[in-house]
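Q: Input: one structure, supplied below.
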Amino acid sequence: MVMSYQILKKTVSVMSYFCHQQGNGARNNQDIERQFLKNGGGDSVKETTAQKKILDPRKAFLKRWNVGFVLSCVIAVSLDPLFFYLPVINEEKKCIRLDKKLWITAIVLRSFFDIIYLLHIILQFRTGFIDKKLLKSGKSELNKDAWKIARKYLWPWFLFDIITILPIPQVVTPTIFSEMRGTKSSKKVKFLNSIVLFQYVPRVTQIYLSWKKLITNNKKFDRIVLVKASLNFILYILAGHVLGAFWYFFSTQRLAACWHEACGQNRSRCVGISFDCDHSIGNLSFINDICSLNTENKTSFDFGIFLKALQSGVLESEDFPQKLFYSFWWGMRNLSSLGQNLETSNYIWENCFALGISIFGLVLFLYFMGNLQMYMQWTATKSVKNWDKVRKKMKSRKRQKQQKIMRSWISQRGFDSTIKSEIMRNIDQRFEEDEDVYVENLIPDLPPDLQNNVKRHLCLNLLKNLKFVKDNGLAAKHEQLLLKICDSLKPKFYKEHCYIVQEGDPIDAVFLITEGTVWTCTSSSNGGKDSQHAERLEKNFFGEELLEWVMKSYSADMYNLSKLPIYSKTLKTHTKVEAFVLMASDLKQIWHSKLSQFGPEELQSQAASRVQRIWRGHRDHPKTDGAVVESKEPSILQRI
């Protein structure tokens with residue numbers, strides 16, 4: 001009772017606030033109208049005043065009212081089952097009485113919320129609407145015609161609202177109790193029960209429609225999901241509460257039906273008696289033989305799913321919270337299990353009630369699963385959108401970092417303005433194509449001409465400093481050959497403290513160190529003296545023996561890369577290293593293309609001279625095992 005009083009108090013405060021706001025609006029309208037009449041407004045004021053009385057559903061007042069109305073409907077439906085807890089059984093006297101305090105409380109609360117519903121009906125005649133035809137054409141104009149508003153509401157919503165607030169429990173419940181307290185069974189009870197159940201359809205439907213209207217007016221999807229989830233939860237709680245109350249109510253009816261059946265079998269003992277506790281006279285102990293609560297007695301009345309209520313003694317209790325929570329728990333337990341644990345009798349209306357529990361539980365479960373699926377889809381979509389935002393931010397930061405590194409790398413290499421602008425243009429284009437750009441993949445992905453210019457800028461001076469190039473005058477006489485070698489260089493990047501080549505590996509590449517520090521070391525012994533040492537290199541070269549081996553005409557395997565000389569030193573990085581590598585295969589191809597300018601006769605003459613030198617060396621120096629003796633005859637490299 002205290003809880004009901006608190007709910008009533010809160011609801012009254014909310015509704016009084018709404019009415020106060022509306023009253024202020026009405027007084028303001030009246031003041032404006034009087035002022036206008038003093039200024040000589042004339043008859044045109046009547047129409048303007050009538051239109052001002054029409055409320056706009058988009059305004060804050062009606063939005064707040066709709067929220068308050070939905071809450072009042074939920075509370076009203078939760079209070080209706082109070083009528084079903086009115087009967088109290090006296091098992092000893094075999095009579096039924098009404099809880100008068102609960103009856104008065106139920107009547108007052110139901111009347112109060114019916115008054116709120118009447119206010120809602122009145123507001124419907126004063127609430128304008130937006131014509132759907134005009135809305136399709138892009139005009140959201142409010143229709144303030146009172147006749148059109150009334151005609152739109154009268155059918156079918158006015159009839160629907162009238163059925164919803166009909167005082168059916170107030171009128172029907174006393175009639176049902178009157179039939180129960182008689183000594184003869186009556187079919188009126190079943191009909192009256194159907195009427196009471198029927199009114200729950202429009203009352204629950206009104207909650208759903210009002211809730212749906214709130215969802216439609218709200219454009220934020222997260223709030224829509226929250227509203228739907230709360231609606232599902234409230235409907236589930238309400239269903240358990242209402243089903244528990246009906247179970248209590250039908251349990252008293254089944255007990256009264258058993259008493260009626262006992263009196264039907266022993267009419268002489270029930271003459272002049274009543275099951276009304278206020279007029280209970282006579283000894284009715286014979287009823288215990290038929291209405292026994294002992295399940296082992298097969299001749300007793302089968303109470304089916306209502307037996308637990310009779311055995312628990314909750315029907316005889318005057319403690320309302322005890323009855324309420326016991327019945328509520330029964331309703332929630334069987335609703336959640338879809339009525340699978342119910343053991344019914346062969347009574348048809350009892351089976352219909354059990355079927356209703358199962359079907360309604362299934363409907364609520366499916367509604368919950370639908371909302372859950374929608375929520376999961378929304379969550380997944382939202383997480384994808386959030387991840388896209390995070391990914392874009394990370395990508396933007398990564399791109400900014402890459403651009404910073406690229407600009408630093410370009411500025412450190414000292415490119416001229418033309419090359420620098422072309423490189424940056426290429427980098428920006430690749431960023432627009434959503435590609436990652438690193439120093440490692442920058443040069444290989446540049447256009448061929450720009451790539452060659454970059455390599456020549458970085459490596460040509462290093463290449464000219466090679467001892468073999470200086471000794472043979474290639475820098476001055478054969479610059480095109482050096483440019484071709486530069487164009488064939490491949491950029492390589494090495495981590496710190498890693499081996500590039502080791503002593504004894506085949507010399508298959510020349511390394512031009514453009515950035516970073518490397519160590520060269522050897523472990524060989526010379527003349528019995530240990531000559532282990534290390535040398536630090538920065539912007540230097542390594543492996544130039546390959547040039548001499550390929551380009552000198554007396555190299556025995558210049559056409560056969562299956563036999564290569566070996567490195568006499570180990571090359572290891574000390575820091576991160578940027579290098580350009582000239583592979584033996586690329587050098588061979590460049591050298592062959594250079595030799596192709598000679599005719600076949602000159603090449604044959606050079607080959608014959610080589611054979612003669614080898615034969616003479618073998619004849620004059622047999623101990624050398626055919627080693628080539630240097631001749632003063634100029635080589636091909638010196639002749640081109």
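If you're wondering about the labels, chains in the structure tokens are A, B, ... by order shown, residues count from 1 in each chain, ligands from 1 in order shown.
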Please identify all polymer residues within 8 Å of range 76-83 of chain A, counting only C-alpha atoms, omitting same-chain residues fewer than 3 positions from it, and present them as a list in words.

A: Ser72, Cys73, Leu86, Leu102, Trp103, Ala106, Leu109, Arg110, Phe113, Pro169, Thr173, Tyr200, Arg203, Val204, Leu238, His241, Val242, Ala245 and Phe246 of chain A

Q: Those selected residues, please, written with N, CA and C atoms and delivered as a PDB file, in the first residue's frame.

A:
```pdb
ATOM      1  N   SER A  72       1.854   6.678 -17.129  1.00  0.00           N
ATOM      2  CA  SER A  72       0.580   6.479 -16.432  1.00  0.00           C
ATOM      3  C   SER A  72      -0.127   5.222 -16.918  1.00  0.00           C
ATOM      4  N   CYS A  73      -0.023   4.917 -18.230  1.00  0.00           N
ATOM      5  CA  CYS A  73      -0.646   3.692 -18.756  1.00  0.00           C
ATOM      6  C   CYS A  73       0.023   2.450 -18.189  1.00  0.00           C
ATOM      7  N   LEU A  86      -8.693  -9.465  -4.402  1.00  0.00           N
ATOM      8  CA  LEU A  86      -9.728  -9.118  -3.428  1.00  0.00           C
ATOM      9  C   LEU A  86     -10.291 -10.325  -2.672  1.00  0.00           C
ATOM     10  N   LEU A 102      -8.314  -3.229   0.356  1.00  0.00           N
ATOM     11  CA  LEU A 102      -7.732  -3.357  -0.982  1.00  0.00           C
ATOM     12  C   LEU A 102      -8.736  -2.927  -2.042  1.00  0.00           C
ATOM     13  N   TRP A 103     -10.019  -3.209  -1.795  1.00  0.00           N
ATOM     14  CA  TRP A 103     -11.068  -2.795  -2.734  1.00  0.00           C
ATOM     15  C   TRP A 103     -11.120  -1.272  -2.873  1.00  0.00           C
ATOM     16  N   ALA A 106      -7.947  -0.039  -4.722  1.00  0.00           N
ATOM     17  CA  ALA A 106      -7.997  -0.337  -6.147  1.00  0.00           C
ATOM     18  C   ALA A 106      -8.952   0.604  -6.874  1.00  0.00           C
ATOM     19  N   LEU A 109      -7.261   4.227  -7.097  1.00  0.00           N
ATOM     20  CA  LEU A 109      -6.149   4.287  -8.040  1.00  0.00           C
ATOM     21  C   LEU A 109      -6.628   4.147  -9.473  1.00  0.00           C
ATOM     22  N   ARG A 110      -7.556   3.216  -9.695  1.00  0.00           N
ATOM     23  CA  ARG A 110      -8.069   3.033 -11.059  1.00  0.00           C
ATOM     24  C   ARG A 110      -8.800   4.294 -11.522  1.00  0.00           C
ATOM     25  N   PHE A 113      -6.241   7.161 -12.500  1.00  0.00           N
ATOM     26  CA  PHE A 113      -5.584   6.999 -13.794  1.00  0.00           C
ATOM     27  C   PHE A 113      -6.579   7.042 -14.946  1.00  0.00           C
ATOM     28  N   PRO A 169     -13.422  -3.598 -14.421  1.00  0.00           N
ATOM     29  CA  PRO A 169     -13.110  -4.280 -13.155  1.00  0.00           C
ATOM     30  C   PRO A 169     -13.984  -3.810 -11.992  1.00  0.00           C
ATOM     31  N   THR A 173     -16.110  -7.257 -11.317  1.00  0.00           N
ATOM     32  CA  THR A 173     -15.528  -8.034 -10.215  1.00  0.00           C
ATOM     33  C   THR A 173     -16.539  -8.320  -9.102  1.00  0.00           C
ATOM     34  N   TYR A 200      -7.779  -6.022 -21.271  1.00  0.00           N
ATOM     35  CA  TYR A 200      -6.322  -5.914 -21.256  1.00  0.00           C
ATOM     36  C   TYR A 200      -5.746  -5.733 -22.659  1.00  0.00           C
ATOM     37  N   ARG A 203      -5.708  -1.965 -23.440  1.00  0.00           N
ATOM     38  CA  ARG A 203      -4.857  -1.256 -22.482  1.00  0.00           C
ATOM     39  C   ARG A 203      -3.376  -1.518 -22.758  1.00  0.00           C
ATOM     40  N   VAL A 204      -3.032  -2.760 -23.055  1.00  0.00           N
ATOM     41  CA  VAL A 204      -1.642  -3.073 -23.388  1.00  0.00           C
ATOM     42  C   VAL A 204      -1.294  -2.523 -24.765  1.00  0.00           C
ATOM     43  N   LEU A 238       5.311  -6.874 -16.544  1.00  0.00           N
ATOM     44  CA  LEU A 238       3.856  -6.728 -16.451  1.00  0.00           C
ATOM     45  C   LEU A 238       3.144  -8.050 -16.707  1.00  0.00           C
ATOM     46  N   HIS A 241       3.408 -10.252 -13.715  1.00  0.00           N
ATOM     47  CA  HIS A 241       2.551  -9.726 -12.641  1.00  0.00           C
ATOM     48  C   HIS A 241       1.072 -10.022 -12.913  1.00  0.00           C
ATOM     49  N   VAL A 242       0.632  -9.766 -14.128  1.00  0.00           N
ATOM     50  CA  VAL A 242      -0.786  -9.975 -14.470  1.00  0.00           C
ATOM     51  C   VAL A 242      -1.136 -11.463 -14.465  1.00  0.00           C
ATOM     52  N   ALA A 245      -1.529 -12.668 -10.950  1.00  0.00           N
ATOM     53  CA  ALA A 245      -2.798 -12.223 -10.358  1.00  0.00           C
ATOM     54  C   ALA A 245      -3.971 -13.045 -10.886  1.00  0.00           C
ATOM     55  N   PHE A 246      -3.974 -13.323 -12.201  1.00  0.00           N
ATOM     56  CA  PHE A 246      -5.029 -14.158 -12.765  1.00  0.00           C
ATOM     57  C   PHE A 246      -4.985 -15.578 -12.169  1.00  0.00           C
TER      58      PHE A 246
END
```

Q: Write down as a PyMOL selection string the residues belonging to range 387-587 of chain A that are assigned alpha helix (DSSP H) by DSSP computed on the backbone.

A: chain A and resi 387-413+417-432+439-442+448-464+467-471+474-477+479-488+545-551+584-587

Q: Output C-alpha atoms of each residue in that selection to a file, as an mmCIF file, in the first residue's frame.

A:
```
data_model
loop_
_atom_site.group_PDB
_atom_site.id
_atom_site.type_symbol
_atom_site.label_atom_id
_atom_site.label_comp_id
_atom_site.auth_asym_id
_atom_site.auth_seq_id
_atom_site.Cartn_x
_atom_site.Cartn_y
_atom_site.Cartn_z
ATOM 1 C CA TRP A 387 36.953 1.575 -36.182
ATOM 2 C CA ASP A 388 36.916 3.357 -39.545
ATOM 3 C CA LYS A 389 37.319 6.666 -37.751
ATOM 4 C CA VAL A 390 40.156 5.293 -35.626
ATOM 5 C CA ARG A 391 41.764 3.722 -38.676
ATOM 6 C CA LYS A 392 41.541 6.992 -40.591
ATOM 7 C CA LYS A 393 43.106 8.873 -37.688
ATOM 8 C CA MET A 394 45.872 6.296 -37.386
ATOM 9 C CA LYS A 395 46.381 6.386 -41.118
ATOM 10 C CA SER A 396 46.528 10.182 -41.093
ATOM 11 C CA ARG A 397 49.098 10.155 -38.302
ATOM 12 C CA LYS A 398 51.068 7.453 -40.060
ATOM 13 C CA ARG A 399 50.982 9.408 -43.304
ATOM 14 C CA GLN A 400 52.130 12.574 -41.560
ATOM 15 C CA LYS A 401 54.985 10.626 -39.992
ATOM 16 C CA GLN A 402 55.901 9.119 -43.368
ATOM 17 C CA GLN A 403 55.826 12.536 -45.018
ATOM 18 C CA LYS A 404 58.075 13.909 -42.290
ATOM 19 C CA ILE A 405 60.556 11.055 -42.782
ATOM 20 C CA MET A 406 60.466 11.461 -46.558
ATOM 21 C CA ARG A 407 61.073 15.201 -46.386
ATOM 22 C CA SER A 408 63.946 14.678 -43.957
ATOM 23 C CA TRP A 409 65.479 12.000 -46.207
ATOM 24 C CA ILE A 410 65.185 14.197 -49.302
ATOM 25 C CA SER A 411 66.649 17.246 -47.595
ATOM 26 C CA GLN A 412 69.619 15.252 -46.234
ATOM 27 C CA ARG A 413 70.507 13.911 -49.692
ATOM 28 C CA SER A 417 64.915 21.605 -56.628
ATOM 29 C CA THR A 418 63.752 19.838 -59.807
ATOM 30 C CA ILE A 419 64.407 16.320 -58.544
ATOM 31 C CA LYS A 420 63.057 17.212 -55.104
ATOM 32 C CA SER A 421 59.747 18.505 -56.504
ATOM 33 C CA GLU A 422 59.336 15.459 -58.764
ATOM 34 C CA ILE A 423 59.932 13.083 -55.843
ATOM 35 C CA MET A 424 57.425 14.916 -53.626
ATOM 36 C CA ARG A 425 54.861 14.931 -56.430
ATOM 37 C CA ASN A 426 55.260 11.169 -56.781
ATOM 38 C CA ILE A 427 54.954 10.667 -53.025
ATOM 39 C CA ASP A 428 51.772 12.784 -52.834
ATOM 40 C CA GLN A 429 50.261 10.849 -55.723
ATOM 41 C CA ARG A 430 50.916 7.555 -53.981
ATOM 42 C CA PHE A 431 49.383 8.885 -50.771
ATOM 43 C CA GLU A 432 46.266 9.861 -52.716
ATOM 44 C CA VAL A 439 62.359 5.040 -47.697
ATOM 45 C CA GLU A 440 62.898 1.367 -48.552
ATOM 46 C CA ASN A 441 60.352 1.355 -51.373
ATOM 47 C CA LEU A 442 60.710 4.965 -52.492
ATOM 48 C CA PRO A 448 62.501 5.066 -64.506
ATOM 49 C CA ASP A 449 63.986 8.436 -65.531
ATOM 50 C CA LEU A 450 63.562 9.948 -62.071
ATOM 51 C CA GLN A 451 64.896 6.767 -60.501
ATOM 52 C CA ASN A 452 68.059 6.969 -62.631
ATOM 53 C CA ASN A 453 68.561 10.626 -61.741
ATOM 54 C CA VAL A 454 68.323 9.841 -58.032
ATOM 55 C CA LYS A 455 70.822 6.962 -58.317
ATOM 56 C CA ARG A 456 73.285 9.087 -60.295
ATOM 57 C CA HIS A 457 73.040 11.899 -57.774
ATOM 58 C CA LEU A 458 73.711 9.563 -54.856
ATOM 59 C CA CYS A 459 76.239 7.110 -56.329
ATOM 60 C CA LEU A 460 78.127 8.594 -59.297
ATOM 61 C CA ASN A 461 80.787 10.336 -57.194
ATOM 62 C CA LEU A 462 81.300 7.187 -55.097
ATOM 63 C CA LEU A 463 81.661 5.154 -58.267
ATOM 64 C CA LYS A 464 84.269 7.555 -59.656
ATOM 65 C CA LYS A 467 90.531 2.602 -57.429
ATOM 66 C CA PHE A 468 89.863 0.497 -60.526
ATOM 67 C CA VAL A 469 87.925 3.366 -62.154
ATOM 68 C CA LYS A 470 90.676 5.896 -61.405
ATOM 69 C CA ASP A 471 93.531 3.649 -62.560
ATOM 70 C CA LEU A 474 86.953 5.449 -66.786
ATOM 71 C CA ALA A 475 85.635 8.648 -65.179
ATOM 72 C CA ALA A 476 86.982 10.793 -68.008
ATOM 73 C CA LYS A 477 86.879 8.444 -70.992
ATOM 74 C CA GLU A 479 81.318 8.353 -68.327
ATOM 75 C CA GLN A 480 78.410 6.709 -70.208
ATOM 76 C CA LEU A 481 79.607 3.338 -68.935
ATOM 77 C CA LEU A 482 79.554 4.659 -65.365
ATOM 78 C CA LEU A 483 76.093 6.129 -65.881
ATOM 79 C CA LYS A 484 74.842 2.732 -67.061
ATOM 80 C CA ILE A 485 76.387 1.155 -63.982
ATOM 81 C CA CYS A 486 74.636 3.770 -61.795
ATOM 82 C CA ASP A 487 71.303 3.005 -63.462
ATOM 83 C CA SER A 488 71.762 -0.715 -62.665
ATOM 84 C CA GLU A 545 87.457 -6.583 -57.057
ATOM 85 C CA LEU A 546 84.390 -7.642 -59.022
ATOM 86 C CA LEU A 547 84.917 -4.765 -61.500
ATOM 87 C CA GLU A 548 88.495 -5.749 -62.136
ATOM 88 C CA TRP A 549 87.627 -9.404 -62.481
ATOM 89 C CA VAL A 550 84.840 -8.806 -65.044
ATOM 90 C CA MET A 551 86.357 -6.002 -67.098
ATOM 91 C CA ALA A 584 77.672 -9.357 -60.932
ATOM 92 C CA SER A 585 74.956 -10.342 -63.423
ATOM 93 C CA ASP A 586 74.106 -6.678 -64.089
ATOM 94 C CA LEU A 587 77.772 -5.785 -64.515
#
```

Q: Just asking: which residues within range 403-563 of chain A are strand (DSSP E or B) according to DSSP, as a PyMOL selection string?

A: chain A and resi 490-494+499-501+506+509-515+517-522+525-526+529-530+533-538+541-542

Q: Give me, please, the distance in Å between CA of Lys59 in chain A and CA of Ile75 in chain A, quoted to one decimal.

A: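 Answer for the CA of Lys59 in chain A to CA of Ile75 in chain A separation: 25.1 Å.
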
Q: Rounded to one decimal place, report the CA of Ala150 in chain A-CA of Ile163 in chain A distance in Å.

A: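 Between CA of Ala150 in chain A and CA of Ile163 in chain A the gap is 17.9 Å.
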
Q: For Phe249 in chain A, which of A:Leu197, A:Ile165, A:Leu62, A:Leu446 is the closest residue, counting only C-alpha atoms?

A: A:Leu197

Q: Please provide as a tab-separated table (two decimals) with C-alpha atoms, in the first residue's frame all residues within 10 Å of Asn346 in chain A, with the sequence filter that same-chain residues fewer than 5 positions apart are discarded (counting only C-alpha atoms).

A:
```
chain	number	residue	atom	x	y	z
A	302	ASP	CA	-8.59	-32.17	-9.81
A	303	PHE	CA	-7.37	-28.61	-9.29
A	304	GLY	CA	-4.61	-28.88	-11.90
A	351	ASN	CA	-5.82	-25.51	-20.49
```
